[in-house]
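Data block for final.csv (CSV, C-alpha atoms and all ligand atoms):
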chain,number,residue,atom,x,y,z
S,1,MET,CA,194.2,210.8,7.6
S,2,ALA,CA,194.5,212.5,4.2
S,3,SER,CA,198.0,211.5,3.0
S,4,GLY,CA,198.4,208.8,0.4
S,5,ASN,CA,199.6,205.3,1.2
S,6,LEU,CA,202.8,204.2,-0.4
S,7,THR,CA,203.3,200.5,0.2
S,8,ILE,CA,206.7,199.1,-0.5
S,9,ASP,CA,206.9,195.3,-0.9
S,10,LEU,CA,210.3,194.4,0.6
S,11,ASP,CA,209.9,190.7,-0.4
S,12,ALA,CA,209.5,191.8,-4.0
S,13,LEU,CA,212.5,194.0,-3.7
S,14,ALA,CA,214.6,191.1,-2.3
S,15,ALA,CA,213.3,188.8,-5.0
S,16,ASN,CA,214.3,191.2,-7.7
S,17,TRP,CA,217.8,191.4,-6.2
S,18,ARG,CA,218.0,187.6,-6.2
S,19,ALA,CA,216.7,187.4,-9.7
S,20,LEU,CA,219.3,189.8,-11.0
S,21,ASP,CA,222.0,188.1,-9.0
S,22,ALA,CA,221.0,184.8,-10.5
S,23,MET,CA,221.6,186.1,-14.0
S,24,THR,CA,225.3,186.5,-13.5
S,25,GLU,CA,228.3,184.5,-12.2
S,26,CYS,CA,229.7,187.5,-10.4
S,27,GLU,CA,228.9,189.6,-7.3
S,28,THR,CA,225.7,191.8,-7.3
S,29,ALA,CA,225.7,195.1,-5.5
S,30,ALA,CA,222.7,197.4,-4.9
S,31,VAL,CA,222.3,201.0,-5.9
S,32,VAL,CA,220.4,202.9,-3.3
S,33,LYS,CA,221.0,206.5,-4.2
S,34,ALA,CA,218.2,209.1,-4.0
S,35,ASP,CA,216.8,207.6,-0.8
S,36,GLY,CA,216.6,204.2,-2.3
S,37,TYR,CA,215.0,205.5,-5.5
S,38,GLY,CA,212.4,207.3,-3.4
S,39,LEU,CA,211.3,204.3,-1.3
S,40,GLY,CA,213.2,205.0,1.9
S,41,VAL,CA,216.9,204.1,2.0
S,42,GLY,CA,217.0,202.7,5.5
S,43,ARG,CA,214.4,200.0,5.0
S,44,VAL,CA,215.4,199.3,1.4
S,45,ALA,CA,219.1,198.9,2.3
S,46,LYS,CA,218.2,196.6,5.2
S,47,ALA,CA,216.0,194.3,3.1
S,48,LEU,CA,218.7,194.2,0.4
S,49,ALA,CA,221.4,193.4,2.9
S,50,GLN,CA,219.2,190.6,4.3
S,51,ALA,CA,218.8,189.3,0.7
S,52,GLY,CA,222.6,189.1,0.4
S,53,ALA,CA,223.9,192.4,-0.9
S,54,ARG,CA,227.2,193.4,0.6
S,55,ARG,CA,228.1,196.4,-1.5
S,56,PHE,CA,225.9,199.5,-1.8
S,57,PHE,CA,226.3,202.5,-4.1
S,58,VAL,CA,225.1,206.0,-3.5
S,59,ALA,CA,225.5,209.3,-5.4
S,60,VAL,CA,226.9,211.5,-2.6
S,61,ALA,CA,228.6,211.1,0.7
S,62,GLU,CA,225.6,212.3,2.7
S,63,GLU,CA,223.6,209.4,1.3
S,64,GLY,CA,226.4,207.0,2.3
S,65,ALA,CA,226.0,208.3,5.9
S,66,ALA,CA,222.3,207.2,5.8
S,67,VAL,CA,223.2,203.7,4.5
S,68,ARG,CA,226.0,203.3,7.2
S,69,GLU,CA,223.5,204.3,9.9
S,70,ALA,CA,221.0,201.8,8.6
S,71,LEU,CA,223.4,198.9,8.1
S,72,GLY,CA,226.3,199.5,10.5
S,73,PRO,CA,229.8,198.1,9.7
S,74,GLY,CA,230.3,195.0,7.6
S,75,VAL,CA,229.1,196.4,4.2
S,76,ASP,CA,231.0,198.4,1.7
S,77,ILE,CA,229.4,201.8,0.6
S,78,PHE,CA,230.7,203.4,-2.6
S,79,VAL,CA,230.1,207.0,-3.5
S,80,PHE,CA,229.7,207.6,-7.3
S,81,GLY,CA,230.3,211.4,-6.9
S,82,GLY,CA,233.8,210.6,-5.5
S,83,HIS,CA,235.8,212.6,-2.9
S,84,MET,CA,234.5,216.2,-2.9
S,85,ARG,CA,235.9,219.0,-0.9
S,86,GLY,CA,234.3,218.8,2.5
S,87,ASP,CA,233.7,215.0,2.3
S,88,THR,CA,237.0,213.9,3.9
S,89,ASP,CA,235.8,213.5,7.5
S,90,MET,CA,232.6,211.7,6.5
S,91,ILE,CA,234.6,209.3,4.2
S,92,HIS,CA,237.0,208.6,7.0
S,93,ASP,CA,234.7,208.4,9.9
S,94,LEU,CA,232.0,206.3,8.2
S,95,HIS,CA,234.3,204.2,6.1
S,96,LEU,CA,232.9,205.2,2.7
S,97,THR,CA,234.6,204.4,-0.5
S,98,PRO,CA,234.8,207.2,-3.0
S,99,MET,CA,234.9,206.4,-6.7
S,100,LEU,CA,237.6,208.9,-7.7
S,101,ASN,CA,236.6,210.6,-11.0
S,102,SER,CA,239.4,213.0,-11.8
S,103,LEU,CA,243.0,213.9,-11.1
S,104,ASN,CA,241.7,216.5,-8.7
S,105,GLN,CA,239.9,213.9,-6.7
S,106,LEU,CA,242.8,211.5,-6.8
S,107,THR,CA,245.1,214.2,-5.4
S,108,ARG,CA,242.6,215.2,-2.7
S,109,HIS,CA,242.1,211.6,-1.6
S,110,PHE,CA,245.7,210.5,-1.6
S,111,GLU,CA,246.8,213.7,0.3
S,112,SER,CA,244.0,213.7,2.9
S,113,LEU,CA,243.4,210.0,3.5
S,114,PRO,CA,246.5,208.3,2.1
S,115,ASN,CA,245.6,204.8,3.3
S,116,ALA,CA,241.8,204.9,2.9
S,117,PRO,CA,240.2,202.6,0.3
S,118,PHE,CA,239.1,204.1,-3.0
S,119,GLY,CA,237.7,203.1,-6.4
S,120,ILE,CA,238.2,204.6,-9.8
S,121,GLN,CA,235.5,205.6,-12.2
S,122,LEU,CA,236.4,205.7,-15.9
S,123,ASP,CA,234.6,207.4,-18.7
S,124,SER,CA,234.1,204.9,-21.5
S,125,GLY,CA,232.1,207.3,-23.7
S,126,MET,CA,229.2,208.7,-21.8
S,127,ASN,CA,231.0,211.9,-21.0
S,128,ARG,CA,229.4,212.4,-17.6
S,129,LEU,CA,231.6,211.1,-14.8
S,130,GLY,CA,235.0,209.5,-14.6
S,131,MET,CA,238.5,209.8,-16.1
S,132,GLU,CA,238.9,209.7,-19.8
S,133,ALA,CA,241.4,207.4,-21.6
S,134,PRO,CA,244.3,209.9,-21.8
S,135,GLU,CA,243.9,211.0,-18.2
S,136,TRP,CA,243.8,207.4,-17.1
S,137,ALA,CA,246.8,206.5,-19.2
S,138,ALA,CA,248.8,209.2,-17.5
S,139,VAL,CA,248.0,208.1,-13.9
S,140,ARG,CA,247.3,204.4,-14.0
S,141,ASP,CA,250.8,203.3,-13.2
S,142,ILE,CA,250.7,205.5,-10.1
S,143,VAL,CA,247.2,204.6,-9.1
S,144,LEU,CA,247.2,200.8,-9.6
S,145,PRO,CA,249.9,200.0,-7.1
S,146,GLN,CA,247.7,201.7,-4.5
S,147,THR,CA,245.2,198.9,-5.2
S,148,PRO,CA,241.8,200.5,-6.0
S,149,VAL,CA,239.1,198.3,-4.6
S,150,LEU,CA,237.0,198.7,-7.8
S,151,VAL,CA,237.4,200.1,-11.3
S,152,MET,CA,234.1,200.9,-13.0
S,153,SER,CA,232.4,202.7,-15.9
S,154,HIS,CA,228.8,203.3,-16.8
S,155,LEU,CA,226.8,202.5,-20.0
S,156,ALA,CA,224.9,205.3,-21.8
S,157,CYS,CA,222.5,203.1,-23.8
S,158,ALA,CA,222.2,199.8,-22.0
S,159,ASP,CA,218.4,200.0,-22.0
S,160,GLU,CA,218.6,199.7,-25.8
S,161,PRO,CA,220.2,196.3,-26.4
S,162,ASP,CA,220.7,196.8,-30.1
S,163,HIS,CA,222.4,200.2,-29.7
S,164,ASP,CA,226.0,200.0,-31.1
S,165,MET,CA,227.1,202.3,-28.2
S,166,ASN,CA,227.1,199.3,-25.9
S,167,ALA,CA,229.7,197.4,-27.8
S,168,ARG,CA,231.8,200.5,-28.3
S,169,GLN,CA,231.8,201.3,-24.6
S,170,LEU,CA,232.6,197.6,-23.8
S,171,ALA,CA,235.6,197.8,-26.1
S,172,THR,CA,236.8,201.1,-24.6
S,173,PHE,CA,236.4,199.8,-21.0
S,174,ARG,CA,238.3,196.7,-21.9
S,175,ASP,CA,241.1,198.8,-23.6
S,176,MET,CA,241.3,200.9,-20.5
S,177,THR,CA,241.3,198.0,-17.9
S,178,ASP,CA,242.4,194.7,-19.4
S,179,GLY,CA,245.2,193.2,-17.4
S,180,ILE,CA,244.8,195.3,-14.3
S,181,ASN,CA,244.7,193.5,-11.0
S,182,ALA,CA,241.6,195.3,-9.6
S,183,PRO,CA,238.0,194.1,-9.7
S,184,ARG,CA,235.9,195.7,-12.5
S,185,SER,CA,232.3,196.8,-12.9
S,186,LEU,CA,230.4,198.0,-16.0
S,187,ALA,CA,226.8,196.9,-15.7
S,188,ALA,CA,223.8,198.5,-14.1
S,189,THR,CA,220.3,196.9,-14.6
S,190,GLY,CA,220.4,197.3,-18.4
S,191,GLY,CA,224.0,196.0,-18.6
S,192,ILE,CA,223.1,192.8,-16.7
S,193,LEU,CA,220.5,192.1,-19.3
S,194,LEU,CA,223.0,192.6,-22.1
S,195,GLY,CA,224.7,189.4,-21.2
S,196,PRO,CA,227.9,187.9,-19.6
S,197,ASP,CA,230.4,190.1,-21.6
S,198,TYR,CA,229.2,193.0,-19.6
S,199,HIS,CA,229.2,191.5,-16.2
S,200,PHE,CA,232.9,191.6,-15.1
S,201,ASP,CA,233.4,191.1,-11.3
S,202,LEU,CA,230.5,193.2,-9.9
S,203,THR,CA,227.1,194.4,-11.2
S,204,ARG,CA,225.4,197.6,-9.9
S,205,PRO,CA,221.6,197.3,-10.4
S,206,GLY,CA,219.3,200.0,-9.3
S,207,ILE,CA,216.0,200.4,-11.1
S,208,GLY,CA,215.4,196.7,-11.6
S,209,LEU,CA,215.5,196.1,-7.8
S,210,TYR,CA,212.6,198.6,-7.5
S,211,GLY,CA,210.5,196.9,-10.2
S,212,GLY,CA,211.3,199.2,-13.1
S,213,LEU,CA,212.3,198.8,-16.8
S,214,PRO,CA,214.4,197.6,-18.4
S,215,PHE,CA,214.0,194.6,-16.1
S,216,ALA,CA,210.7,193.6,-17.6
S,217,ASP,CA,210.5,190.5,-15.4
S,218,ALA,CA,210.8,192.4,-12.2
S,219,GLN,CA,208.1,192.0,-9.5
S,220,PRO,CA,206.3,195.2,-8.7
S,221,VAL,CA,207.5,196.8,-5.5
S,222,VAL,CA,205.4,199.9,-5.2
S,223,HIS,CA,201.7,200.4,-4.6
S,224,LEU,CA,200.2,203.9,-4.3
S,225,SER,CA,196.7,204.5,-3.1
S,226,LEU,CA,195.2,208.0,-2.5
S,227,PRO,CA,192.3,208.7,-0.2
S,228,VAL,CA,189.1,210.2,-1.6
S,229,ILE,CA,188.5,213.4,0.4
S,230,GLN,CA,185.2,214.4,-1.2
S,231,THR,CA,182.9,213.6,-4.1
S,232,ARG,CA,180.4,215.7,-6.0
S,233,ASP,CA,177.8,215.5,-8.8
S,234,LEU,CA,178.2,217.7,-11.8
S,235,ALA,CA,175.5,218.7,-14.3
S,236,ALA,CA,176.3,218.5,-18.0
S,237,GLY,CA,178.4,221.6,-19.0
S,238,GLU,CA,180.1,222.1,-15.6
S,239,THR,CA,183.9,222.2,-15.5
S,240,VAL,CA,186.5,220.9,-13.1
S,241,GLY,CA,189.7,222.4,-11.7
S,242,TYR,CA,192.2,225.1,-12.7
S,243,GLY,CA,191.7,226.5,-16.1
S,244,ASN,CA,188.3,224.7,-16.4
S,245,ALA,CA,190.5,222.1,-18.1
S,246,TRP,CA,187.8,219.4,-18.1
S,247,ARG,CA,184.1,219.8,-18.9
S,248,ALA,CA,181.3,217.3,-18.2
S,249,GLU,CA,179.6,216.4,-21.4
S,250,GLN,CA,176.9,214.6,-19.4
S,251,PRO,CA,176.1,214.5,-15.7
S,252,ALA,CA,179.1,213.1,-13.9
S,253,LYS,CA,180.4,212.2,-10.4
S,254,ILE,CA,183.8,213.5,-9.5
S,255,ALA,CA,186.1,212.3,-6.7
S,256,THR,CA,188.7,214.6,-5.3
S,257,VAL,CA,191.7,212.6,-4.0
S,258,SER,CA,194.6,213.7,-1.8
S,259,GLY,CA,197.8,213.9,-3.7
S,260,GLY,CA,199.3,216.2,-6.3
S,261,TYR,CA,202.4,217.5,-8.0
S,262,ALA,CA,203.9,218.3,-4.6
S,263,ASP,CA,203.8,214.5,-4.0
S,264,GLY,CA,205.6,213.8,-7.3
S,265,LEU,CA,202.4,213.3,-9.3
S,266,ILE,CA,203.7,215.5,-12.0
S,267,ARG,CA,201.4,217.9,-13.9
S,268,ALA,CA,202.2,216.1,-17.2
S,269,MET,CA,199.8,213.4,-15.9
S,270,SER,CA,196.9,215.9,-16.2
S,271,GLY,CA,194.1,214.5,-18.3
S,272,LYS,CA,196.1,211.3,-19.1
S,273,ALA,CA,196.6,209.1,-16.1
S,274,THR,CA,194.1,206.5,-14.9
S,275,PHE,CA,193.2,205.6,-11.3
S,276,TRP,CA,191.9,202.2,-10.4
S,277,HIS,CA,189.1,201.1,-8.1
S,278,ASP,CA,189.9,197.4,-7.9
S,279,ASP,CA,189.8,196.4,-11.6
S,280,THR,CA,187.8,199.4,-12.8
S,281,PRO,CA,189.8,202.2,-14.5
S,282,CYS,CA,188.7,205.8,-13.5
S,283,PRO,CA,190.2,208.6,-15.6
S,284,LEU,CA,192.0,211.5,-14.1
S,285,VAL,CA,190.2,214.6,-15.3
S,286,GLY,CA,191.4,218.2,-15.4
S,287,ARG,CA,194.7,219.4,-14.1
S,288,VAL,CA,196.8,217.9,-11.4
S,289,SER,CA,197.1,220.6,-8.7
S,290,MET,CA,199.6,220.8,-5.8
S,291,ASP,CA,197.7,218.7,-3.3
S,292,LEU,CA,194.7,217.4,-5.1
S,293,ILE,CA,193.6,215.4,-8.2
S,294,THR,CA,190.1,215.0,-9.6
S,295,VAL,CA,188.9,211.7,-11.0
S,296,ASP,CA,185.8,210.7,-12.9
S,297,ILE,CA,184.0,208.0,-11.0
S,298,SER,CA,180.6,208.4,-12.7
S,299,HIS,CA,180.6,204.7,-13.7
S,300,LEU,CA,181.3,203.3,-10.3
S,301,ASN,CA,178.4,201.7,-8.3
S,302,GLN,CA,179.8,202.9,-4.9
S,303,ILE,CA,181.9,205.7,-3.6
S,304,PRO,CA,185.4,204.4,-3.0
S,305,THR,CA,187.4,205.3,0.1
S,306,HIS,CA,190.7,205.2,-2.0
S,307,LEU,CA,191.7,205.2,-5.6
S,308,ASP,CA,194.9,203.5,-6.7
S,309,LEU,CA,197.5,205.0,-9.0
S,310,ILE,CA,200.4,202.6,-8.9
S,311,THR,CA,199.2,199.0,-9.0
S,312,PRO,CA,200.1,195.8,-10.7
S,313,GLN,CA,197.6,196.9,-13.5
S,314,GLN,CA,199.4,200.2,-13.9
S,315,THR,CA,203.1,200.0,-13.1
S,316,VAL,CA,205.5,202.9,-12.5
S,317,ASP,CA,206.6,202.6,-16.1
S,318,ASP,CA,203.0,202.7,-17.4
S,319,LEU,CA,202.5,205.9,-15.5
S,320,ALA,CA,205.8,207.3,-16.7
S,321,GLU,CA,204.9,206.6,-20.3
S,322,MET,CA,201.5,208.4,-19.9
S,323,ALA,CA,203.4,211.4,-18.5
S,324,GLY,CA,206.1,211.4,-21.0
S,325,THR,CA,208.9,210.4,-18.6
S,326,ILE,CA,210.7,207.3,-17.3
S,327,GLY,CA,210.0,205.1,-14.3
S,328,TYR,CA,213.2,206.4,-12.5
S,329,GLU,CA,211.7,209.9,-12.4
S,330,ILE,CA,208.3,208.8,-11.2
S,331,LEU,CA,209.9,206.8,-8.4
S,332,THR,CA,212.4,209.3,-7.2
S,333,SER,CA,209.8,212.0,-7.2
S,334,LEU,CA,207.5,210.2,-4.8
S,335,GLY,CA,207.2,212.8,-2.1
S,336,PRO,CA,207.7,212.9,1.6
S,337,ARG,CA,204.0,213.3,2.5
S,338,TYR,CA,203.0,209.7,1.8
S,339,ALA,CA,202.8,207.3,4.6
S,340,ARG,CA,205.4,204.7,3.6
S,341,ARG,CA,204.3,201.3,4.7
S,342,TYR,CA,206.7,198.4,4.3
S,343,ALA,CA,205.1,195.0,3.6
S,344,GLY,CA,206.7,191.6,3.2
S,345,GLY,CA,208.7,189.2,5.3
S,346,PHE,CA,211.4,191.8,6.2
S,347,ALA,CA,209.0,194.3,7.7
S,348,PRO,CA,208.9,194.1,11.5
G,401,LIG,C1,222.2,205.1,-11.1
G,401,LIG,C2,223.4,204.3,-11.5
G,401,LIG,C3,223.4,202.9,-11.5
G,401,LIG,C4,222.1,202.1,-11.4
G,401,LIG,O1,221.5,202.2,-12.6
G,401,LIG,P1,220.1,201.5,-12.9
G,401,LIG,O2,219.8,201.8,-14.3
G,401,LIG,O3,219.1,202.1,-12.0
G,401,LIG,O4,220.2,200.1,-12.7
G,401,LIG,C5,224.6,202.2,-11.7
G,401,LIG,N1,225.7,202.9,-11.9
G,401,LIG,C6,225.8,204.3,-11.9
G,401,LIG,C7,227.1,204.9,-12.2
G,401,LIG,C8,224.6,205.0,-11.7
G,401,LIG,O5,224.7,206.3,-11.8
Would you write out, as structure tokens, the structure that this file holds?
Amino acid sequence: MASGNLTIDLDALAANWRALDAMTECETAAVVKADGYGLGVGRVAKALAQAGARRFFVAVAEEGAAVREALGPGVDIFVFGGHMRGDTDMIHDLHLTPMLNSLNQLTRHFESLPNAPFGIQLDSGMNRLGMEAPEWAAVRDIVLPQTPVLVMSHLACADEPDHDMNARQLATFRDMTDGINAPRSLAATGGILLGPDYHFDLTRPGIGLYGGLPFADAQPVVHLSLPVIQTRDLAAGETVGYGNAWRAEQPAKIATVSGGYADGLIRAMSGKATFWHDDTPCPLVGRVSMDLITVDISHLNQIPTHLDLITPQQTVDDLAEMAGTIGYEILTSLGPRYARRYAGGFAP
């Protein structure tokens, strides 16, 4: 079998949820958008529910359907994207809770599903989703008596604790919501780490659950190992891969592993990332191609069956930094070709 092995440690996932939960006095939800940050939303959501999460957030209604299918009734599923045209049946039939972002969405929701639960998303300065202060001021006396189940906003710079944007958004969110009788939420992973002022009634961690920064104390959740398909010996002066991008300065042994940019191993890793054979680093050489990557294993004493790319030695964030991106993008790009294996106490 030539597809890579993506192992997901559900015990570590659950431990990360509990660790983030223990940092606050309030309720901790779980953000499972983008197929559980690329790890498989069904298994991820079940493990988080078993750990104690009762509220789940997704980006769009279709993702909410997958969470409802995995978890059944008894949990709340919130949709950040709100109530879009065409979502009404799904919201109603699957008991999803849209976070209403605009007057347009408020009108659509109240007209089509007058008694269905809803939340409100406010824009406290990020200028991405949610109602802005004047819009909110105009409708809040109509909306609040309909008892939104949650009023939330999102921080733009929470991964930079010293950024003054954090305090500004906190002040704006307070201005917009102090005194209302609905539960409030401001913090994702970064906001939890900013401290109790940011916690309100509910936190919404995503990346920290999956082992990513800014939750530096997270347990690693993901392990990625790629099978070696073939090895070959190169004479000094021979080149490897598209564009002859790497040249052997001296005789070398090259392993070709199965995996490439079609699997989310982005081309920006070319010539930069490192594979691991147990504790021995093996440099990626040449360009990442669609399905294959070439690795210099000249210094190994034996031919490995697999080479590891995401390991405790080289986390998702280490790899992201080499490729000039963030852990979120590496995780959510992990492709459908990997065999996803679920390890840990919650695996069957
Ligand atoms: C993605 C997202 C989260 C989770 O953020 P993390 O940084 O992954 O913890 C929370 N709230 C909103 C609105 C989001 O879009």
What are the nearest atom pairs, with distances in Å to one decimal, for all residues of chain S that come at most 10 Å from ligand LIG 401 (chain G), using all atoms listed in the file, set out by chain and rising residue number as a Markdown table?
| residue | atom | partner | partner_atom | distance |
| --- | --- | --- | --- | --- |
| S:Ala29 | CA | G:LIG401 | C5 | 9.5 |
| S:Ala30 | CA | G:LIG401 | C4 | 8.0 |
| S:Val31 | CA | G:LIG401 | C4 | 5.6 |
| S:Val32 | CA | G:LIG401 | C1 | 8.3 |
| S:Lys33 | CA | G:LIG401 | C1 | 7.1 |
| S:Ala34 | CA | G:LIG401 | C1 | 9.1 |
| S:Tyr37 | CA | G:LIG401 | O3 | 8.4 |
| S:Phe57 | CA | G:LIG401 | C5 | 7.8 |
| S:Val58 | CA | G:LIG401 | C1 | 8.2 |
| S:Ala59 | CA | G:LIG401 | O5 | 7.1 |
| S:Val79 | CA | G:LIG401 | C7 | 9.4 |
| S:Phe80 | CA | G:LIG401 | C7 | 6.2 |
| S:Gly81 | CA | G:LIG401 | C7 | 9.0 |
| S:Met99 | CA | G:LIG401 | C7 | 9.7 |
| S:Gln121 | CA | G:LIG401 | C7 | 8.4 |
| S:Arg128 | CA | G:LIG401 | C7 | 9.5 |
| S:Leu129 | CA | G:LIG401 | C7 | 8.1 |
| S:Gly130 | CA | G:LIG401 | C7 | 9.5 |
| S:Met152 | CA | G:LIG401 | C7 | 8.1 |
| S:Ser153 | CA | G:LIG401 | C7 | 6.8 |
| S:His154 | CA | G:LIG401 | C7 | 5.2 |
| S:Leu155 | CA | G:LIG401 | C7 | 8.2 |
| S:Ala156 | CA | G:LIG401 | O2 | 9.7 |
| S:Cys157 | CA | G:LIG401 | O2 | 10.0 |
| S:Ala158 | CA | G:LIG401 | O2 | 8.3 |
| S:Asp159 | CA | G:LIG401 | O2 | 8.0 |
| S:Ser185 | CA | G:LIG401 | N1 | 9.0 |
| S:Leu186 | CA | G:LIG401 | N1 | 7.9 |
| S:Ala187 | CA | G:LIG401 | C5 | 7.0 |
| S:Ala188 | CA | G:LIG401 | O4 | 4.2 |
| S:Thr189 | CA | G:LIG401 | O4 | 3.7 |
| S:Gly190 | CA | G:LIG401 | O2 | 6.1 |
| S:Gly191 | CA | G:LIG401 | O4 | 8.1 |
| S:Ile192 | CA | G:LIG401 | O4 | 8.8 |
| S:Thr203 | CA | G:LIG401 | C5 | 8.2 |
| S:Arg204 | CA | G:LIG401 | C5 | 5.0 |
| S:Pro205 | CA | G:LIG401 | O4 | 3.9 |
| S:Gly206 | CA | G:LIG401 | O3 | 3.4 |
| S:Ile207 | CA | G:LIG401 | O3 | 3.6 |
| S:Gly208 | CA | G:LIG401 | O4 | 6.0 |
| S:Leu209 | CA | G:LIG401 | O4 | 7.9 |
| S:Tyr210 | CA | G:LIG401 | O3 | 8.6 |
| S:Gly212 | CA | G:LIG401 | O3 | 8.4 |
| S:Leu213 | CA | G:LIG401 | O2 | 8.5 |
| S:Pro214 | CA | G:LIG401 | O2 | 8.0 |
| S:Phe215 | CA | G:LIG401 | O4 | 9.0 |
| S:Gly327 | CA | G:LIG401 | O3 | 9.9 |
| S:Tyr328 | CA | G:LIG401 | O3 | 7.3 |
Quiz item: Residues at most 12 Å from Tyr338 (chain S), counting all atoms listed in the file, excluding those fewer than 4 positions away in the same chain, as a ChimeraX atom specification?
Solution: /S:1-8,38-40,223-227,258-260,262-265,291,333-334
Practice problem: Could you tell me how far CA of Ala171 (chain S) lies from CA of His199 (chain S), in Å and to one decimal? | Solution: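 If I compute the distance from CA of Ala171 (chain S) to CA of His199 (chain S), I get 13.4 Å.
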Quiz prompt | Residues near Glu69 (chain S), cut-off 12 Å, all atoms listed in the file, skip fewer than 6 positions along chain, as number ranges by chain | solution = S: 41-43, 45-46, 62-63, 75, 77, 93-96
Quiz item: Ser102 (chain S): which residues within 12 Å, counting all atoms listed in the file, same-chain residues fewer than 6 positions away excluded, as number ranges by chain?
Solution: S: 80-84, 108-109, 119-123, 128-136, 138-140, 143
Self-check item: Arg247 (chain S) environment, 9 Å, all atoms listed in the file, sequence neighbours closer than 6 positions dropped, as a list in words
Solution: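 Within the cut-off, the hits are Ala236, Gly237, Glu238, Thr239, Val240, Val285 and Gly286 of chain S.
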Self-check item: Within 8 Å of Leu144 (chain S) using only C-alpha atoms, minus same-chain residues under 2 positions, as a VMD selection string
Solution: chain S and resid 140 to 142 146 to 148 180 to 182
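Nearest to Pro220 (chain S) of all the residues S:Asp318, S:Asp76, S:Glu160, S:Glu249 is S:Asp318, based on only C-alpha atoms.
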Practice problem: Mind listing whatever residues come within 10 Å of the point (181.8, 205.5, -6.1)? Use all atoms listed in the file, file coordinates, and give them as a count of residues only. | Solution: 18
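With all atoms listed in the file as the atoms that count, the residue of S:Asn127, S:Gln250, S:Asn166, S:Asn104 with the shortest distance to Leu193 (chain S) is S:Asn166.
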